[in-house]
$ cat start_4.cif   # mmCIF, C-alpha atoms
data_data
loop_
_atom_site.label_atom_id
_atom_site.label_comp_id
_atom_site.auth_asym_id
_atom_site.auth_seq_id
_atom_site.Cartn_x
_atom_site.Cartn_y
_atom_site.Cartn_z
CA MET D 26 -184.52 -94.65 11.05
CA ALA D 27 -182.78 -92.29 13.53
CA LEU D 28 -184.44 -88.99 14.39
CA ASP D 29 -182.01 -86.58 12.70
CA GLU D 30 -181.79 -88.77 9.59
CA LYS D 31 -185.57 -88.87 9.24
CA TYR D 32 -186.41 -85.21 9.92
CA GLY D 33 -183.25 -83.15 9.47
CA THR D 34 -183.99 -79.41 9.43
CA GLU D 35 -187.62 -80.01 10.50
CA LEU D 36 -186.29 -80.37 14.05
CA LYS D 37 -185.24 -76.73 14.18
CA ALA D 38 -187.63 -74.71 16.35
CA ALA D 39 -189.55 -77.88 17.34
CA THR D 40 -190.49 -79.02 20.85
CA LEU D 41 -188.68 -81.92 22.55
CA ILE D 42 -190.53 -83.82 25.30
CA LEU D 43 -188.37 -86.07 27.51
CA GLY D 44 -189.95 -88.99 29.37
CA ASN D 45 -188.54 -91.62 31.72
CA GLY D 46 -187.23 -93.67 28.81
CA SER D 47 -184.76 -90.91 28.00
CA SER D 48 -183.29 -91.19 31.50
CA ILE D 49 -183.21 -95.00 31.30
CA SER D 50 -181.17 -94.70 28.10
CA TYR D 51 -178.40 -93.10 30.20
CA SER D 52 -178.75 -95.35 33.25
CA SER D 53 -180.75 -98.53 33.89
CA LYS D 54 -181.09 -97.40 37.52
CA PHE D 55 -184.12 -95.36 36.48
CA ALA D 56 -186.03 -98.48 35.40
CA TYR D 57 -188.06 -98.76 38.63
CA SER D 58 -191.82 -98.81 39.05
CA SER D 59 -192.31 -96.41 41.94
CA LEU D 60 -190.12 -94.22 44.14
CA TYR D 61 -192.67 -94.65 46.94
CA ASP D 62 -192.42 -98.45 46.73
CA GLU D 63 -188.63 -98.32 46.73
CA ALA D 64 -188.48 -96.32 49.99
CA ALA D 65 -188.45 -98.46 53.16
CA PHE D 66 -191.22 -96.64 55.04
CA THR D 67 -192.54 -97.98 58.33
CA ASP D 68 -196.23 -98.85 58.73
CA GLU D 69 -196.68 -95.67 60.77
CA GLU D 70 -195.15 -93.53 58.02
CA LYS D 71 -197.26 -95.26 55.37
CA GLN D 72 -200.38 -94.42 57.42
CA LEU D 73 -199.61 -90.73 56.90
CA PHE D 74 -199.60 -91.16 53.13
CA ASP D 75 -202.78 -93.26 53.35
CA LYS D 76 -204.51 -90.68 55.54
CA PHE D 77 -204.10 -88.01 52.88
CA ASP D 78 -204.62 -90.49 50.02
CA THR D 79 -201.37 -89.58 48.33
CA ASN D 80 -197.91 -90.84 47.40
CA ASN D 81 -196.69 -87.26 46.97
CA PHE D 82 -193.62 -86.75 49.17
CA GLU D 83 -193.67 -82.97 48.84
CA TYR D 84 -197.23 -82.84 50.18
CA ILE D 85 -196.50 -85.02 53.23
CA LEU D 86 -193.22 -83.31 54.12
CA ARG D 87 -194.86 -79.90 53.81
CA LYS D 88 -197.74 -80.97 56.08
CA LEU D 89 -195.26 -82.27 58.68
CA PHE D 90 -193.16 -79.08 58.54
CA GLN D 91 -196.24 -76.89 58.98
CA ALA D 92 -197.44 -79.05 61.88
CA SER D 93 -194.03 -78.70 63.50
CA GLU D 94 -194.19 -74.89 63.22
CA VAL D 95 -197.67 -74.86 64.78
CA ASN D 96 -196.42 -77.06 67.61
CA LYS D 97 -193.60 -74.61 68.33
CA VAL D 98 -196.00 -71.69 68.65
CA LEU D 99 -198.50 -73.56 70.82
CA GLU D 100 -195.76 -75.39 72.76
CA LEU D 101 -197.12 -78.79 71.80
CA ASP D 102 -195.37 -82.06 71.00
CA GLN D 103 -192.56 -81.58 73.48
CA GLY D 104 -191.20 -84.98 72.48
CA LYS D 105 -190.81 -83.65 68.93
CA LYS D 106 -192.54 -86.67 67.36
CA VAL D 107 -193.57 -84.67 64.29
CA ASN D 108 -189.98 -83.47 63.76
CA SER D 109 -188.75 -87.04 64.07
CA VAL D 110 -191.21 -88.37 61.47
CA TYR D 111 -190.30 -85.50 59.12
CA GLU D 112 -186.60 -86.34 59.45
CA ASN D 113 -187.18 -90.07 58.94
CA ILE D 114 -189.20 -89.56 55.74
CA ARG D 115 -186.74 -86.96 54.45
CA LEU D 116 -183.76 -89.23 55.04
CA LYS D 117 -185.44 -92.27 53.48
CA LEU D 118 -186.43 -90.24 50.45
CA ILE D 119 -182.94 -88.86 49.84
CA GLU D 120 -181.37 -92.29 50.50
CA THR D 121 -183.75 -93.91 48.01
CA ILE D 122 -183.01 -91.25 45.40
CA ARG D 123 -179.26 -91.69 45.95
CA CYS D 124 -179.65 -95.45 45.37
CA ILE D 125 -181.69 -94.97 42.19
CA HIS D 126 -180.11 -91.83 40.76
CA PRO D 127 -176.68 -92.29 39.14
CA VAL D 128 -173.84 -90.02 40.16
CA MET D 129 -172.53 -87.57 37.59
CA SER D 130 -169.51 -89.69 36.68
CA ASP D 131 -171.76 -92.67 35.80
CA ILE D 132 -173.13 -90.93 32.72
CA ASP D 133 -170.02 -88.93 31.79
CA PRO D 134 -172.02 -85.72 31.17
CA ALA D 135 -169.09 -83.94 29.51
CA THR D 136 -168.99 -86.47 26.69
CA VAL D 137 -172.78 -86.59 26.33
CA HIS D 138 -172.88 -82.78 26.49
CA ASP D 139 -170.49 -82.50 23.57
CA LYS D 140 -172.73 -84.80 21.50
CA VAL D 141 -176.16 -83.29 22.20
CA PHE D 142 -175.73 -79.60 23.12
CA ARG D 143 -175.66 -78.35 19.54
CA ILE D 144 -178.78 -80.43 18.72
CA MET D 145 -180.73 -79.37 21.80
CA MET D 146 -180.18 -75.67 21.29
CA ASP D 147 -182.07 -75.92 17.97
CA TYR D 148 -185.33 -76.78 19.76
CA ARG D 149 -187.72 -74.01 20.73
CA TYR D 150 -188.77 -75.80 23.92
CA ILE D 151 -187.52 -78.76 25.95
CA ILE D 152 -190.21 -80.24 28.23
CA ASP D 153 -188.60 -82.50 30.83
CA LEU D 154 -191.09 -84.82 32.57
CA ASN D 155 -188.34 -86.35 34.75
CA TYR D 156 -187.36 -85.34 38.28
CA ASP D 157 -183.66 -86.24 37.85
CA PHE D 158 -180.56 -84.07 37.34
CA LEU D 159 -179.63 -85.51 33.93
CA LEU D 160 -180.74 -82.67 31.67
CA TYR D 161 -179.12 -80.10 33.98
CA TRP D 162 -175.86 -82.06 34.08
CA ILE D 163 -175.75 -82.70 30.34
CA LEU D 164 -176.50 -79.14 29.22
CA SER D 165 -174.36 -77.35 31.77
CA ASN D 166 -171.45 -79.81 32.01
CA ASN D 167 -171.03 -78.80 35.67
CA GLY D 168 -171.82 -75.16 34.91
CA PHE D 169 -169.50 -74.58 31.96
CA LEU D 170 -169.79 -75.24 28.25
CA SER D 171 -167.33 -77.22 26.22
CA SER D 172 -165.71 -75.61 23.21
CA PHE D 173 -166.71 -76.94 19.81
CA PRO D 174 -164.09 -76.32 17.11
CA ILE D 175 -165.67 -75.38 13.76
CA GLU D 176 -164.31 -74.31 10.38
CA GLU D 177 -165.40 -70.87 9.20
CA ASN D 178 -163.95 -69.16 6.11
CA GLY D 179 -160.93 -71.41 6.27
CA ALA D 180 -160.24 -70.55 9.93
CA ARG D 181 -160.82 -72.75 12.95
CA ARG D 182 -162.61 -71.27 15.97
CA ASN D 183 -164.35 -72.46 19.11
CA VAL D 184 -168.03 -71.88 19.84
CA PHE D 185 -170.45 -72.36 22.74
CA GLN D 186 -168.21 -71.14 25.54
CA GLY D 187 -169.38 -69.60 28.81
CA SER D 188 -172.73 -70.20 30.47
CA PRO D 189 -175.35 -72.55 28.97
CA PHE D 190 -177.93 -69.87 29.76
CA GLN D 191 -176.58 -67.84 26.86
CA TYR D 192 -178.46 -70.40 24.74
CA PHE D 193 -181.14 -71.76 27.09
CA TYR D 194 -183.48 -70.30 29.70
CA ASP D 195 -185.62 -71.89 32.42
CA GLY D 196 -186.91 -68.66 33.98
CA PHE D 197 -185.13 -69.02 37.33
CA ARG D 198 -182.93 -65.92 37.55
CA LYS D 199 -183.92 -63.76 40.55
CA ASN D 200 -181.37 -64.14 43.36
CA CYS D 201 -182.82 -65.31 46.68
CA GLY D 202 -179.69 -66.12 48.69
CA THR D 203 -178.88 -69.77 48.03
CA HIS D 204 -181.76 -70.06 45.55
CA LEU D 205 -183.18 -68.53 42.38
CA SER D 206 -186.85 -67.60 41.93
CA PHE D 207 -188.93 -67.74 38.76
CA ASP D 208 -189.28 -64.56 36.70
CA TYR D 209 -192.58 -64.71 34.78
CA ASP D 210 -192.01 -61.45 32.88
CA PHE D 211 -188.57 -62.59 31.74
CA VAL D 212 -189.99 -65.88 30.40
CA GLU D 213 -192.72 -64.07 28.48
CA GLU D 214 -190.09 -61.84 26.89
CA GLU D 215 -187.87 -64.81 25.94
CA ILE D 216 -190.84 -66.60 24.40
CA ARG D 217 -191.64 -63.50 22.35
CA LYS D 218 -188.05 -63.12 21.10
CA GLU D 219 -187.70 -66.80 20.04
CA GLU D 220 -183.91 -66.63 20.28
CA LYS D 221 -183.18 -69.25 22.96
CA THR D 222 -184.45 -72.68 23.98
CA GLY D 223 -186.89 -72.70 26.88
CA ILE D 224 -186.66 -75.55 29.41
CA PHE D 225 -189.70 -76.38 31.55
CA TYR D 226 -190.57 -79.05 34.10
CA PRO D 227 -194.35 -79.79 34.27
CA HIS D 228 -193.89 -82.18 37.22
CA GLY D 229 -191.11 -80.27 38.99
CA ASN D 230 -187.57 -81.51 39.49
CA LEU D 231 -185.00 -82.32 42.18
CA LEU D 232 -183.50 -78.91 41.39
CA PHE D 233 -186.61 -77.27 42.87
CA VAL D 234 -187.86 -76.70 46.40
CA ARG D 235 -190.75 -74.75 47.87
CA ASP D 236 -190.11 -71.88 50.23
CA LYS D 237 -190.67 -72.89 53.85
CA PHE D 238 -193.51 -70.47 54.49
CA ALA D 239 -194.65 -68.68 51.32
CA GLY D 240 -194.56 -71.84 49.20
CA GLU D 241 -192.80 -70.10 46.29
CA THR D 242 -190.96 -72.38 43.85
CA LEU D 243 -187.19 -71.94 44.13
CA LYS D 244 -184.28 -73.45 42.23
CA ILE D 245 -181.17 -74.47 44.12
CA LYS D 246 -177.75 -72.98 43.36
CA SER D 247 -174.75 -75.28 43.66
CA ASP D 248 -171.13 -75.55 42.56
CA GLY D 249 -170.68 -79.03 44.00
CA ASP D 250 -172.64 -82.18 44.83
CA LEU D 251 -176.29 -81.44 44.08
CA PHE D 252 -177.43 -84.29 46.32
CA ASP D 253 -175.77 -82.69 49.37
CA VAL D 254 -177.35 -79.30 48.64
CA VAL D 255 -180.80 -80.86 48.16
CA ASP D 256 -180.50 -82.81 51.40
CA LYS D 257 -179.44 -79.70 53.36
CA ASP D 258 -182.36 -77.73 51.91
CA TRP D 259 -184.86 -80.41 52.92
CA GLU D 260 -183.28 -80.56 56.37
CA LYS D 261 -183.92 -76.82 56.76
CA GLY D 262 -187.61 -77.20 55.91
CA TYR D 263 -187.57 -76.45 52.18
CA THR D 264 -189.76 -79.19 50.73
CA PRO D 265 -188.92 -81.00 47.46
CA LEU D 266 -190.90 -80.03 44.40
CA PHE D 267 -191.29 -82.98 42.10
CA ILE D 268 -194.35 -85.11 41.38
CA SER D 269 -193.30 -88.65 40.57
CA GLU D 270 -196.24 -90.58 42.00
CA GLY D 271 -200.01 -90.85 41.82
CA THR D 272 -202.86 -90.81 39.32
CA ALA D 273 -203.43 -88.07 36.77
CA ASN D 274 -206.10 -86.49 38.99
CA LYS D 275 -203.78 -86.42 42.01
CA LYS D 276 -200.98 -84.95 39.93
CA MET D 277 -203.38 -82.25 38.71
CA ASN D 278 -204.30 -81.37 42.29
CA SER D 279 -200.62 -80.76 43.01
CA ILE D 280 -200.13 -78.78 39.80
CA ARG D 281 -203.06 -76.48 40.58
CA SER D 282 -201.72 -75.74 44.06
CA ILE D 283 -198.24 -74.62 42.91
CA SER D 284 -197.93 -71.44 40.86
CA TYR D 285 -194.88 -72.50 38.79
CA LEU D 286 -196.39 -75.88 37.82
CA ASN D 287 -199.73 -74.24 37.11
CA TYR D 288 -198.03 -71.69 34.83
CA VAL D 289 -196.14 -74.38 32.90
CA TYR D 290 -199.28 -76.47 32.54
CA ASN D 291 -201.61 -73.70 31.38
CA GLU D 292 -199.33 -71.27 29.56
CA ILE D 293 -196.51 -73.41 28.14
CA LEU D 294 -197.96 -76.87 27.42
CA SER D 295 -201.01 -75.44 25.66
CA ASN D 296 -198.84 -73.35 23.31
CA LEU D 297 -196.10 -75.66 22.06
CA THR D 298 -194.75 -75.66 18.50
CA ASP D 299 -196.41 -77.31 15.49
CA PHE D 300 -193.75 -80.06 15.41
CA ILE D 301 -193.22 -82.13 18.57
CA VAL D 302 -190.58 -84.79 19.21
CA ILE D 303 -191.18 -87.28 22.01
CA TYR D 304 -188.30 -89.28 23.47
CA GLY D 305 -189.01 -91.98 26.04
CA TRP D 306 -192.53 -90.94 27.12
CA SER D 307 -194.91 -93.92 27.31
CA MET D 308 -197.99 -91.68 27.77
CA GLY D 309 -199.39 -93.85 30.55
CA ASP D 310 -202.74 -93.36 32.28
CA CYS D 311 -201.06 -91.36 35.04
CA ASP D 312 -200.20 -88.69 32.44
CA THR D 313 -203.60 -88.21 30.79
CA HIS D 314 -203.68 -84.62 32.10
CA LEU D 315 -200.54 -83.83 30.08
CA ILE D 316 -201.74 -85.66 26.98
CA LYS D 317 -205.00 -83.70 26.96
CA LYS D 318 -203.37 -80.32 27.57
CA ILE D 319 -200.61 -80.75 24.97
CA PHE D 320 -202.49 -82.36 22.10
CA SER D 321 -205.66 -80.30 22.34
CA ASN D 322 -203.58 -77.56 20.73
CA LYS D 323 -204.91 -77.31 17.15
CA LYS D 324 -201.65 -75.69 16.00
CA ILE D 325 -199.78 -79.01 16.28
CA LYS D 326 -199.30 -80.70 12.90
CA THR D 327 -196.79 -83.50 13.49
CA VAL D 328 -195.71 -85.59 16.48
CA ALA D 329 -192.64 -87.83 16.13
CA VAL D 330 -192.66 -90.50 18.86
CA SER D 331 -189.68 -92.67 19.83
CA ILE D 332 -190.15 -96.43 19.80
CA TYR D 333 -187.75 -98.90 21.37
CA ASN D 334 -187.57 -101.94 19.04
CA GLU D 335 -184.64 -103.97 20.34
CA ASN D 336 -185.54 -107.56 21.40
CA ARG D 337 -189.27 -106.90 21.07
CA GLU D 338 -191.86 -108.80 19.05
CA LEU D 339 -193.30 -107.00 16.04
CA GLN D 340 -196.86 -107.39 17.34
CA ALA D 341 -196.01 -105.73 20.67
CA ILE D 342 -194.37 -102.82 18.85
CA GLN D 343 -197.36 -102.40 16.56
CA GLU D 344 -199.81 -102.49 19.49
CA GLU D 345 -197.81 -99.79 21.29
CA LYS D 346 -197.85 -97.59 18.19
CA ILE D 347 -201.62 -97.93 17.80
CA ALA D 348 -202.22 -97.16 21.50
CA ILE D 349 -200.05 -94.02 21.36
CA GLU D 350 -201.62 -92.78 18.14
CA ASN D 351 -205.12 -93.28 19.57
CA LYS D 352 -204.28 -91.29 22.70
CA ILE D 353 -202.96 -88.36 20.69
CA LYS D 354 -205.69 -88.35 18.05
CA HIS D 355 -208.39 -88.56 20.71
CA TYR D 356 -207.79 -84.84 21.25
CA ASN D 357 -206.81 -83.83 17.72
CA LYS D 358 -207.57 -86.10 14.77
CA GLU D 359 -205.62 -83.85 12.38
CA ILE D 360 -202.22 -84.53 13.97
CA ALA D 361 -199.87 -86.70 11.91
CA VAL D 362 -198.37 -89.25 14.34
CA GLU D 363 -195.08 -90.75 13.19
CA PHE D 364 -192.49 -92.99 14.83
CA TRP D 365 -188.72 -93.15 14.97
CA GLU D 366 -186.39 -95.81 16.39
CA CYS D 367 -184.37 -94.97 19.49
#
$ encode --input "start_4.cif" --output "C-alpha cells"
Amino acid sequence: MALDEKYGTELKAATLILGNGSSISYSSKFAYSSLYDEAAFTDEEKQLFDKFDTNNFEYILRKLFQASEVNKVLELDQGKKVNSVYENIRLKLIETIRCIHPVMSDIDPATVHDKVFRIMMDYRYIIDLNYDFLLYWILSNNGFLSSFPIEENGARRNVFQGSPFQYFYDGFRKNCGTHLSFDYDFVEEEIRKEEKTGIFYPHGNLLFVRDKFAGETLKIKSDGDLFDVVDKDWEKGYTPLFISEGTANKKMNSIRSISYLNYVYNEILSNLTDFIVIYGWSMGDCDTHLIKKIFSNKKIKTVAVSIYNENRELQAIQEEKIAIENKIKHYNKEIAVEFWEC
C-alpha cells in the first residue's frame, strides 16, 4: 500500500528521512557503489587517501589546501606539486560527480515539485542523507514556487507562491558574500515555533563548502548552474562538505570535527518526532552511527520504512524487513516498525 493511502493524516508533523534509494527513484545514475571507486585517481593520489586512512574527499582536499598555504609562507614547493595534486583531485571529483549526477532537466524538477511540495511541507523535519542537489531542485524549482490553484468558498486562487523558505528552513541565512552561514539561534526559534519544515543534512551536501581558513560551514548561493558554482568554489580553496564514503566510525570522526554536522547529529537527530517515515535508506553498516542516534530516542513510537518489491523474491523482501526491524529495535524495543511499498 502507498504511503499516503496507509497513513493519511498521521504524516502531518512527522519526520521524513531520505536515503540513496530516494535519489535512485529519480535517476538510475545514483545506483553506484562508491564515488571514490568511480573517480580515476592515479596511484600517487590514492596513496594520499591511504596515508590518512580515509576516502573522505573533503579531508584530503583540505589537507592539501592547508599544505599549500604553509608552503607559500615558508617559500617551499616552488614547483607547486601540492597545488597540482589539489587541482587534479578537485577536477576528478567534480568530473565524476558530473558523470553520476543528473542535470536538472533529466528529472524535470518543476513537474516533480508540483507533485510533492504540498506533501513535504506537512512534515516537521526532512533529513536528507544524500549529497546531491535533488531535494534543493525539487523544493525550490530553480528558486521559485509554482502556483497551485485551489477552490476556496467557491472561488479559485493560487497558493505557494514566492520563496520556498516561506514554508521551509535549513538555517543558512546569514549573508557572507557569495555564501550563506548557519544561524543556530534562528534554527532554535523555528524549532520552537513549529510552523515550518526544517531541512537538515547529517552528512553534508554538495550545496555546502567549508571556509578556506576558519572551517565554517557555508552554503553556496546561485541563480544558475550549481555545478559551475561548486567547481569555482573548490578552485578557490573552499573544500566540499559532504561525507559519502567510509565506515561509520570514520564518518563520526568527520561529524565531530565540523560544527554544523555535529549540531545536526547531536541536537536534531536525537530529537525527531514520534512518527518517522523512511524512504530509500537501507540502514547499512556504514550508517550505524545514525541508526543509534535516531532510534535511541524513546519518544519515537512508529517508524514506516519503504520497501522496494518489484522483481524481488518474497524471501529476500522478508529477510530485508527482519534485518531493518532488528536494527531499529536494538536501540528501542518499543518502536512499532511498519513497511510501505515504494
$ resolve_selection --input "start_4.cif" --expression "the PyMOL selection byres ((chain D and resi 213-220) around 9)" --output "list in words"
Ala38, Arg149, Tyr192, Phe193, Tyr194, Gly196, Asp208, Tyr209, Asp210, Phe211, Val212, Lys221, Thr222 and Gly223 of chain D
$ closest_residue --input "start_4.cif" --among "D:Ser247, D:Asn230, D:Gln343, D:Ser279" --to "Thr203 in chain D" --atoms "all atoms listed in the file"
D:Ser247
$ closest_atom_pairs --input "start_4.cif" --of "range 54-163 of chain D" --to "range 292-308 of chain D" --cutoff "9 Å" --atoms "only C-alpha atoms" --output "CSV"
residue,atom,partner,partner_atom,distance
D:Arg149,CA,D:Thr298,CA,7.6
D:Tyr150,CA,D:Leu297,CA,7.6
D:Ile152,CA,D:Leu294,CA,8.5
D:Leu154,CA,D:Trp306,CA,8.3
$ atom_distance --input "start_4.cif" --atom1 "CA of Leu205 in chain D" --atom2 "CA of Tyr61 in chain D"
28.2 Å
$ resolve_selection --input "start_4.cif" --expression "the PyMOL selection byres ((chain D and resi 269) around 10)" --output "compact mmCIF listing (two decimals) with C-alpha atoms, keeping the file's coordinate frame"
# COMPACT_ATOMS: atom_id res chain seq x y z
CA SER D 59 -192.31 -96.41 41.94
CA LEU D 60 -190.12 -94.22 44.14
CA TYR D 61 -192.67 -94.65 46.94
CA ASN D 80 -197.91 -90.84 47.40
CA ASN D 81 -196.69 -87.26 46.97
CA PHE D 82 -193.62 -86.75 49.17
CA LEU D 154 -191.09 -84.82 32.57
CA ASN D 155 -188.34 -86.35 34.75
CA TYR D 156 -187.36 -85.34 38.28
CA HIS D 228 -193.89 -82.18 37.22
CA GLY D 229 -191.11 -80.27 38.99
CA ASN D 230 -187.57 -81.51 39.49
CA LEU D 266 -190.90 -80.03 44.40
CA PHE D 267 -191.29 -82.98 42.10
CA ILE D 268 -194.35 -85.11 41.38
CA GLU D 270 -196.24 -90.58 42.00
CA GLY D 271 -200.01 -90.85 41.82
CA THR D 272 -202.86 -90.81 39.32
CA LYS D 276 -200.98 -84.95 39.93
CA CYS D 311 -201.06 -91.36 35.04
$ atom_distance --input "start_4.cif" --atom1 "CA of Asn108 in chain D" --atom2 "CA of Asp68 in chain D"
17.3 Å
